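File shown: upload32.txt. Contents: compact mmCIF, C-alpha atoms.
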```txt
# COMPACT_ATOMS: atom_id res chain seq x y z
CA MET A 1 33.30 -110.13 -3.49
CA ASN A 2 34.77 -106.89 -4.83
CA LEU A 3 38.30 -107.50 -6.09
CA SER A 4 39.20 -103.87 -6.86
CA GLY A 5 42.86 -103.43 -6.00
CA VAL A 6 43.36 -107.16 -5.51
CA LEU A 7 43.93 -107.88 -9.19
CA GLU A 8 45.75 -105.78 -11.77
CA ILE A 9 44.49 -106.64 -15.25
CA VAL A 10 45.88 -105.47 -18.59
CA ARG A 11 44.54 -106.56 -21.96
CA VAL A 12 45.88 -105.88 -25.46
CA THR A 13 44.76 -107.12 -28.87
CA ASP A 14 46.42 -106.51 -32.21
CA VAL A 15 45.44 -107.46 -35.76
CA GLY A 16 49.00 -108.58 -36.57
CA LEU A 17 50.78 -107.95 -39.86
CA HIS A 18 48.93 -110.17 -42.33
CA ARG A 19 45.24 -110.26 -41.39
CA GLU A 20 42.61 -107.75 -42.54
CA HIS A 21 40.34 -108.36 -39.56
CA ASN A 22 40.89 -109.04 -35.90
CA GLU A 23 39.02 -112.25 -35.09
CA ASP A 24 40.15 -112.19 -31.45
CA ALA A 25 37.91 -110.70 -28.77
CA ILE A 26 38.81 -110.04 -25.13
CA ALA A 27 37.15 -108.66 -22.00
CA SER A 28 37.75 -108.41 -18.26
CA ASP A 29 36.29 -107.03 -15.04
CA ASP A 30 38.74 -106.45 -12.19
CA THR A 31 36.01 -105.85 -9.62
CA MET A 32 34.32 -109.19 -10.27
CA GLY A 33 37.58 -110.93 -11.12
CA PHE A 34 36.90 -112.47 -14.49
CA VAL A 35 38.73 -112.49 -17.81
CA VAL A 36 37.73 -113.95 -21.16
CA LEU A 37 39.40 -114.41 -24.56
CA ALA A 38 37.96 -115.91 -27.74
CA ASP A 39 39.76 -116.52 -31.03
CA GLY A 40 37.29 -116.80 -33.90
CA MET A 41 37.43 -119.03 -36.94
CA GLY A 42 35.33 -119.25 -40.08
CA GLY A 43 34.80 -117.56 -43.42
CA TYR A 44 35.02 -113.87 -44.26
CA LYS A 45 34.38 -111.99 -40.98
CA ALA A 46 32.51 -115.02 -39.55
CA GLY A 47 35.27 -115.72 -37.02
CA GLU A 48 35.01 -112.13 -35.89
CA VAL A 49 31.29 -112.60 -35.31
CA ALA A 50 31.80 -115.83 -33.34
CA SER A 51 34.42 -114.40 -31.00
CA GLU A 52 32.40 -111.24 -30.36
CA ILE A 53 29.27 -113.24 -29.57
CA ALA A 54 31.28 -115.48 -27.23
CA VAL A 55 32.83 -112.65 -25.26
CA LEU A 56 29.73 -110.45 -25.11
CA SER A 57 27.44 -113.33 -24.14
CA ILE A 58 29.73 -114.78 -21.48
CA THR A 59 30.56 -111.36 -20.01
CA ALA A 60 26.91 -110.34 -19.74
CA GLU A 61 25.79 -113.64 -18.20
CA LEU A 62 28.66 -113.82 -15.73
CA LYS A 63 28.18 -110.23 -14.57
CA GLU A 64 24.52 -110.85 -13.88
CA ALA A 65 25.12 -114.20 -12.16
CA LEU A 66 28.08 -113.04 -10.06
CA ALA A 67 26.07 -110.10 -8.72
CA LYS A 68 23.77 -112.65 -7.07
CA GLN A 69 26.42 -115.17 -6.03
CA HIS A 70 27.75 -115.41 -2.47
CA PRO A 71 31.46 -116.34 -2.63
CA GLY A 72 33.11 -119.01 -0.53
CA LYS A 73 30.64 -121.78 -1.29
CA VAL A 74 31.71 -125.12 -2.78
CA ASP A 75 29.76 -127.08 -5.36
CA LEU A 76 30.03 -130.60 -3.95
CA ALA A 77 29.05 -132.24 -7.25
CA LEU A 78 31.84 -130.43 -9.12
CA GLY A 79 34.31 -130.39 -6.23
CA GLN A 80 35.08 -126.75 -7.04
CA GLN A 81 34.03 -123.27 -5.98
CA ALA A 82 30.32 -122.80 -6.65
CA GLU A 83 31.06 -120.16 -9.30
CA ALA A 84 32.22 -123.01 -11.55
CA GLN A 85 28.58 -123.71 -12.41
CA LEU A 86 28.14 -120.08 -13.48
CA ILE A 87 30.98 -120.50 -15.99
CA ILE A 88 29.49 -123.75 -17.29
CA ASN A 89 26.10 -122.08 -17.76
CA ALA A 90 27.56 -119.00 -19.49
CA VAL A 91 29.65 -121.05 -21.92
CA LYS A 92 26.70 -123.31 -22.70
CA SER A 93 24.56 -120.27 -23.56
CA ALA A 94 27.28 -118.75 -25.74
CA ASN A 95 27.73 -122.03 -27.61
CA GLU A 96 24.00 -122.22 -28.32
CA VAL A 97 23.88 -118.65 -29.65
CA ILE A 98 26.91 -119.07 -31.93
CA TYR A 99 25.66 -122.38 -33.25
CA SER A 100 22.18 -120.95 -33.91
CA VAL A 101 23.59 -117.99 -35.85
CA SER A 102 25.88 -120.26 -37.87
CA GLN A 103 22.90 -122.42 -38.84
CA THR A 104 20.60 -119.55 -39.81
CA GLN A 105 23.00 -117.05 -41.41
CA PRO A 106 24.69 -118.46 -44.56
CA GLN A 107 27.61 -116.02 -44.30
CA CYS A 108 28.35 -117.40 -40.82
CA ALA A 109 28.13 -121.11 -41.65
CA GLY A 110 30.78 -123.17 -39.87
CA MET A 111 32.02 -120.37 -37.64
CA GLY A 112 33.34 -121.05 -34.15
CA ALA A 113 35.87 -119.88 -31.60
CA THR A 114 38.46 -121.08 -29.15
CA LEU A 115 37.94 -119.86 -25.61
CA VAL A 116 39.63 -119.21 -22.29
CA VAL A 117 37.62 -117.84 -19.37
CA GLY A 118 39.09 -117.27 -15.92
CA LEU A 119 37.35 -116.35 -12.68
CA PHE A 120 39.15 -115.42 -9.45
CA THR A 121 37.29 -116.12 -6.21
CA ASN A 122 38.23 -117.01 -2.63
CA ASN A 123 41.97 -117.34 -3.37
CA LYS A 124 41.13 -119.73 -6.22
CA LEU A 125 41.20 -119.44 -9.99
CA LEU A 126 38.60 -121.25 -12.05
CA VAL A 127 39.77 -121.74 -15.64
CA GLY A 128 37.54 -122.98 -18.44
CA HIS A 129 38.91 -123.49 -21.93
CA ILE A 130 38.06 -124.88 -25.35
CA GLY A 131 40.56 -125.19 -28.21
CA ASP A 132 44.15 -123.96 -28.35
CA SER A 133 44.03 -120.52 -26.76
CA ARG A 134 46.05 -120.77 -23.56
CA MET A 135 46.52 -119.70 -19.97
CA TYR A 136 49.97 -119.58 -18.37
CA ARG A 137 51.03 -118.84 -14.79
CA LEU A 138 54.25 -117.20 -13.68
CA ARG A 139 55.01 -118.19 -10.07
CA ASN A 140 58.38 -117.76 -8.37
CA GLN A 141 59.81 -116.71 -11.75
CA VAL A 142 58.81 -120.00 -13.41
CA LEU A 143 56.30 -120.04 -16.27
CA SER A 144 53.87 -122.97 -16.53
CA GLN A 145 51.13 -123.62 -19.06
CA ILE A 146 48.03 -124.48 -17.02
CA THR A 147 45.70 -125.29 -19.91
CA GLU A 148 46.23 -128.16 -22.33
CA ASP A 149 45.43 -127.50 -25.98
CA HIS A 150 42.49 -129.29 -27.54
CA SER A 151 44.33 -129.83 -30.80
CA VAL A 152 45.57 -132.51 -33.18
CA LEU A 153 49.15 -131.67 -32.21
CA GLN A 154 48.48 -132.13 -28.50
CA GLU A 155 46.86 -135.49 -29.19
CA GLN A 156 49.92 -136.56 -31.20
CA ILE A 157 52.21 -135.45 -28.37
CA ARG A 158 50.09 -137.27 -25.80
CA LEU A 159 50.23 -140.48 -27.85
CA GLY A 160 53.99 -140.17 -28.28
CA LEU A 161 53.76 -139.80 -32.05
CA ILE A 162 55.76 -136.57 -32.04
CA THR A 163 57.81 -134.61 -29.52
CA PRO A 164 56.96 -131.08 -28.32
CA GLU A 165 59.99 -129.86 -30.28
CA GLN A 166 58.73 -131.49 -33.49
CA ALA A 167 55.31 -130.00 -32.87
CA LYS A 168 56.72 -126.49 -33.28
CA TYR A 169 57.32 -127.18 -36.98
CA SER A 170 54.22 -129.24 -37.74
CA ALA A 171 51.82 -128.34 -40.55
CA ASN A 172 48.92 -129.28 -38.23
CA LYS A 173 49.62 -126.44 -35.83
CA ASN A 174 46.19 -124.82 -36.03
CA LEU A 175 43.91 -127.87 -36.18
CA VAL A 176 41.74 -127.85 -33.04
CA THR A 177 39.71 -130.82 -31.87
CA ARG A 178 37.18 -128.75 -29.94
CA ALA A 179 35.66 -125.30 -30.60
CA LEU A 180 32.84 -123.14 -29.28
CA GLY A 181 29.75 -122.91 -31.49
CA VAL A 182 30.62 -125.57 -34.05
CA ASP A 183 28.26 -128.21 -32.63
CA PRO A 184 25.00 -127.99 -30.64
CA GLU A 185 26.96 -128.94 -27.50
CA VAL A 186 30.60 -128.52 -26.57
CA GLU A 187 32.70 -129.94 -23.75
CA LEU A 188 34.25 -127.25 -21.57
CA GLU A 189 37.38 -128.26 -19.69
CA LEU A 190 37.15 -126.57 -16.29
CA ASN A 191 39.84 -126.68 -13.60
CA GLU A 192 40.48 -124.97 -10.27
CA HIS A 193 43.88 -123.68 -9.12
CA ASN A 194 45.14 -122.21 -5.87
CA VAL A 195 46.27 -118.60 -6.21
CA GLU A 196 49.26 -116.99 -4.53
CA ILE A 197 50.19 -113.35 -4.06
CA ASN A 198 52.47 -112.07 -6.87
CA ASP A 199 51.28 -114.71 -9.32
CA ILE A 200 51.02 -113.38 -12.87
CA TYR A 201 48.58 -115.10 -15.23
CA LEU A 202 48.70 -114.81 -19.01
CA ILE A 203 45.83 -115.61 -21.35
CA CYS A 204 46.72 -115.51 -25.04
CA SER A 205 45.56 -116.53 -28.47
CA ASP A 206 47.80 -118.69 -30.65
CA GLY A 207 48.96 -115.54 -32.42
CA LEU A 208 51.31 -115.16 -29.46
CA SER A 209 52.05 -118.76 -28.43
CA ASP A 210 52.84 -119.88 -32.00
CA LEU A 211 55.38 -117.12 -32.55
CA VAL A 212 57.00 -116.46 -29.17
CA GLU A 213 58.73 -119.28 -27.28
CA ASP A 214 57.65 -119.98 -23.72
CA GLU A 215 61.18 -119.22 -22.50
CA VAL A 216 60.97 -115.75 -24.03
CA ILE A 217 57.52 -115.15 -22.53
CA GLU A 218 58.91 -116.18 -19.13
CA SER A 219 61.84 -113.78 -19.49
CA VAL A 220 59.60 -110.84 -20.45
CA LEU A 221 57.22 -111.45 -17.54
CA ASN A 222 60.08 -111.70 -15.08
CA ASP A 223 61.85 -108.60 -16.42
CA LEU A 224 58.66 -106.53 -16.49
CA SER A 225 56.76 -108.02 -13.56
CA SER A 226 56.47 -104.59 -11.95
CA ASN A 227 54.87 -103.12 -15.07
CA ILE A 228 52.51 -105.61 -16.70
CA GLU A 229 51.22 -102.94 -19.09
CA ASN A 230 54.67 -102.80 -20.66
CA ALA A 231 54.93 -106.58 -20.51
CA ALA A 232 51.71 -107.04 -22.48
CA HIS A 233 52.75 -104.61 -25.22
CA THR A 234 56.23 -106.15 -25.37
CA LEU A 235 54.77 -109.63 -25.93
CA VAL A 236 52.56 -108.35 -28.76
CA GLN A 237 55.52 -106.56 -30.35
CA LEU A 238 57.63 -109.72 -30.17
CA ALA A 239 54.92 -111.69 -31.97
CA ASN A 240 54.85 -109.05 -34.70
CA ASP A 241 58.64 -108.98 -34.86
CA ASN A 242 58.51 -112.73 -35.46
CA GLY A 243 56.16 -112.42 -38.41
CA GLY A 244 52.80 -111.31 -37.01
CA SER A 245 51.07 -113.99 -39.05
CA ASP A 246 47.90 -114.01 -36.94
CA ASN A 247 45.89 -111.78 -34.64
CA ILE A 248 47.61 -111.42 -31.26
CA SER A 249 45.74 -111.07 -27.98
CA VAL A 250 47.17 -110.91 -24.47
CA ILE A 251 45.54 -110.57 -21.06
CA LEU A 252 47.81 -110.29 -18.03
CA ILE A 253 46.53 -110.59 -14.46
CA LYS A 254 48.75 -109.85 -11.46
CA VAL A 255 47.60 -110.88 -7.98
CA ASN A 256 48.48 -108.12 -5.49
CA THR A 257 46.85 -109.36 -2.27
CA SER A 258 44.98 -112.29 -0.82
CA PHE A 259 41.23 -112.48 -1.55
CA GLU A 260 40.14 -115.30 0.73
CA TYR A 261 36.48 -114.96 1.60
CA LYS A 262 35.75 -114.28 5.27
CA GLU A 263 32.27 -115.30 6.36
CA THR A 264 30.41 -112.61 8.32
CA TRP A 265 27.71 -113.02 10.94
CA LEU A 266 25.18 -111.82 8.36
CA ASP A 267 26.20 -114.67 6.06
CA ARG A 268 25.65 -117.13 8.89
CA VAL A 269 22.18 -115.93 9.91
CA GLY A 270 21.02 -115.08 6.38
CA VAL A 271 19.73 -111.81 5.00
CA ASP A 272 16.10 -112.97 5.00
CA ASN A 273 16.25 -113.97 8.66
CA PHE A 274 17.87 -110.68 9.60
CA LEU A 275 15.21 -108.66 7.76
CA GLY A 276 12.55 -110.74 9.46
CA TRP A 277 13.91 -109.84 12.87
CA LEU A 278 13.74 -106.16 11.98
CA LYS A 279 10.02 -106.29 11.26
```
Before anything else, please render the file you have as C-alpha cells.
Amino acid sequence: MNLSGVLEIVRVTDVGLHREHNEDAIASDDTMGFVVLADGMGGYKAGEVASEIAVLSITAELKEALAKQHPGKVDLALGQQAEAQLIINAVKSANEVIYSVSQTQPQCAGMGATLVVGLFTNNKLLVGHIGDSRMYRLRNQVLSQITEDHSVLQEQIRLGLITPEQAKYSANKNLVTRALGVDPEVELELNEHNVEINDIYLICSDGLSDLVEDEVIESVLNDLSSNIENAAHTLVQLANDNGGSDNISVILIKVNTSFEYKETWLDRVGVDNFLGWLK
C-alpha cells in the first residue's frame, strides 16, 4: 500500500541547550507509512550509538518486510493487522544487535534506548513502544497520550503512591523500567488504534514531554494544524525556551485521507494462479 499523499510527516530533532551530543534518532517513510524514534542512554556517545542502531536496523528491516507484505490481512494470534508481526520481528532484531554491541565493545557497555515505532496500514495505526518516549494523538482538537510510559514514575502513579501533578516534580523523572538493548530480550508493548481523517499524531522524546505541558502541546497543534512543519519547530523552540535540558525530537503525522485497503480481484485469485493461467 503506497501512502504517498495520505500522510503528511514532519520530523525535527535538536540537541537542546545543555548536551554536547544528540542521542535521539528519528526516521520516517511516508510512502510505506512508518515512523520511528529512539532516545539513547549510556556513557560517552554510547546512547548515540544505541539510538542510531535502533533506528537504522528497524527502518531497514521494516522497509524490506513491508515491500513483501500484502495489506489488509489480520494476524489472528495477535488480533491485530498482520504487519504487527513485522514490527515485533524488527524490534527483536534491533534489541539483539544493540545488546551484542554493548557486550563486546567496552565503550558501549550498558547502552540502550527508548523506542516508539508507528506503522499506518488499512486505516489503522500500530504503535510499539519501550520506555518513556511517547506518542500522542490530536483528534477533534483534544490531545490524548496513547502510549503509557514504562517508568518508575508511571508505576508509582498506577499504584496511587503519587499523583500525576506530583510526578512533574519528582527526582525519578528519567528512570525507565524497560529499554531496548539492555537485556538479551525486551518486551515490546504493541497496540492498534483506529485512524480518522485529520488526526494528528505526535511522537516525541522526553526532551519535549518533560519541558512542555500537554495543554501547551495541544494548543500549538490546534493553532498550527494547517502547517505541521511550523508546529514541529514551535514545539522544539518551546522546549528550548523552557530550559532545553535534553535532546528534543518531534515527529508529526497528519492524516489527510482514508487509506482503507480495498481487495482487488488479483488479490482474491492470487498472483501465482494468475501467472499460471497466462502460461
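Nearest residue to Glu260 in chain A, choosing from A:Ala179, A:Ile228, A:Ile197, A:Ile87 and counting all atoms listed in the file: A:Ile197.
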If we count only C-alpha atoms and set the cut-off at 12 Å, which residues sit around Leu224 in chain A, ignoring sequence neighbours fewer than 6 positions away in its own chain? Please answer as a PyMOL selection string. chain A and resi 138+141+200+217-218+230-235+252+254
Using all atoms listed in the file, which protein or nucleic acid residues come within 12 Å of range 80-84 of chain A? Drop anything in the same chain fewer than 3 positions from it, and give the result as a VMD selection string. chain A and resid 1 32 to 34 62 to 63 65 to 77 87 to 91 117 to 128 188 to 194 261
Test item: axis-aligned box, all listed atoms of range 146-150 of chain A, 5 Å on each side, centre and edges in Å rounded to one decimal, as JSON:
```
{"center_x": 45.3, "center_y": -126.9, "center_z": -22.3, "size_x": 15.5, "size_y": 14.8, "size_z": 20.5}
```
Do a neighbour search on Leu238 in chain A at 9 Å with only C-alpha atoms, toss out local chain neighbours closer than 6 positions, and write the hits as a PyMOL selection string. chain A and resi 208+211-212+244
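Residue nearest Gln145 in chain A, chosen from A:Tyr201, A:Leu7, A:Gly47, A:Glu229 and counting all atoms listed in the file: A:Tyr201.
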Just give me the residues with any atom within 6 Å of (44.1, -108.2, -34.6), file coordinates, counting only C-alpha atoms, written as a ChimeraX atom specification. /A:13-16,22,247-248
Based on the selection just made, write C-alpha atoms of those residues as a PDB file, keeping the file's coordinate frame.
```pdb
ATOM      1  CA  THR A  13      44.760-107.120 -28.870  1.00  0.00           C
ATOM      2  CA  ASP A  14      46.420-106.510 -32.210  1.00  0.00           C
ATOM      3  CA  VAL A  15      45.440-107.460 -35.760  1.00  0.00           C
ATOM      4  CA  GLY A  16      49.000-108.580 -36.570  1.00  0.00           C
ATOM      5  CA  ASN A  22      40.890-109.040 -35.900  1.00  0.00           C
ATOM      6  CA  ASN A 247      45.890-111.780 -34.640  1.00  0.00           C
ATOM      7  CA  ILE A 248      47.610-111.420 -31.260  1.00  0.00           C
TER       8      ILE A 248
END
```
Residues within 9 Å of Asn174 in chain A, please, as a PyMOL selection string. Count only C-alpha atoms; anything in the same chain fewer than 4 positions from it doesn't count. chain A and resi 132+151-153+206
Only C-alpha atoms, please: the residues just picked out, written as a PDB file, in the coordinates of the input.
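Result written to out04.pdb:
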```pdb
ATOM      1  CA  ASP A 132      44.150-123.960 -28.350  1.00  0.00           C
ATOM      2  CA  SER A 151      44.330-129.830 -30.800  1.00  0.00           C
ATOM      3  CA  VAL A 152      45.570-132.510 -33.180  1.00  0.00           C
ATOM      4  CA  LEU A 153      49.150-131.670 -32.210  1.00  0.00           C
ATOM      5  CA  ASP A 206      47.800-118.690 -30.650  1.00  0.00           C
TER       6      ASP A 206
END
```
Find the spatial neighbours of Asp246 in chain A, counting only C-alpha atoms, within a cut-off of 7 Å - ignore same-chain residues fewer than 3 positions away - and output them as a PyMOL selection string. chain A and resi 16+18-19+207
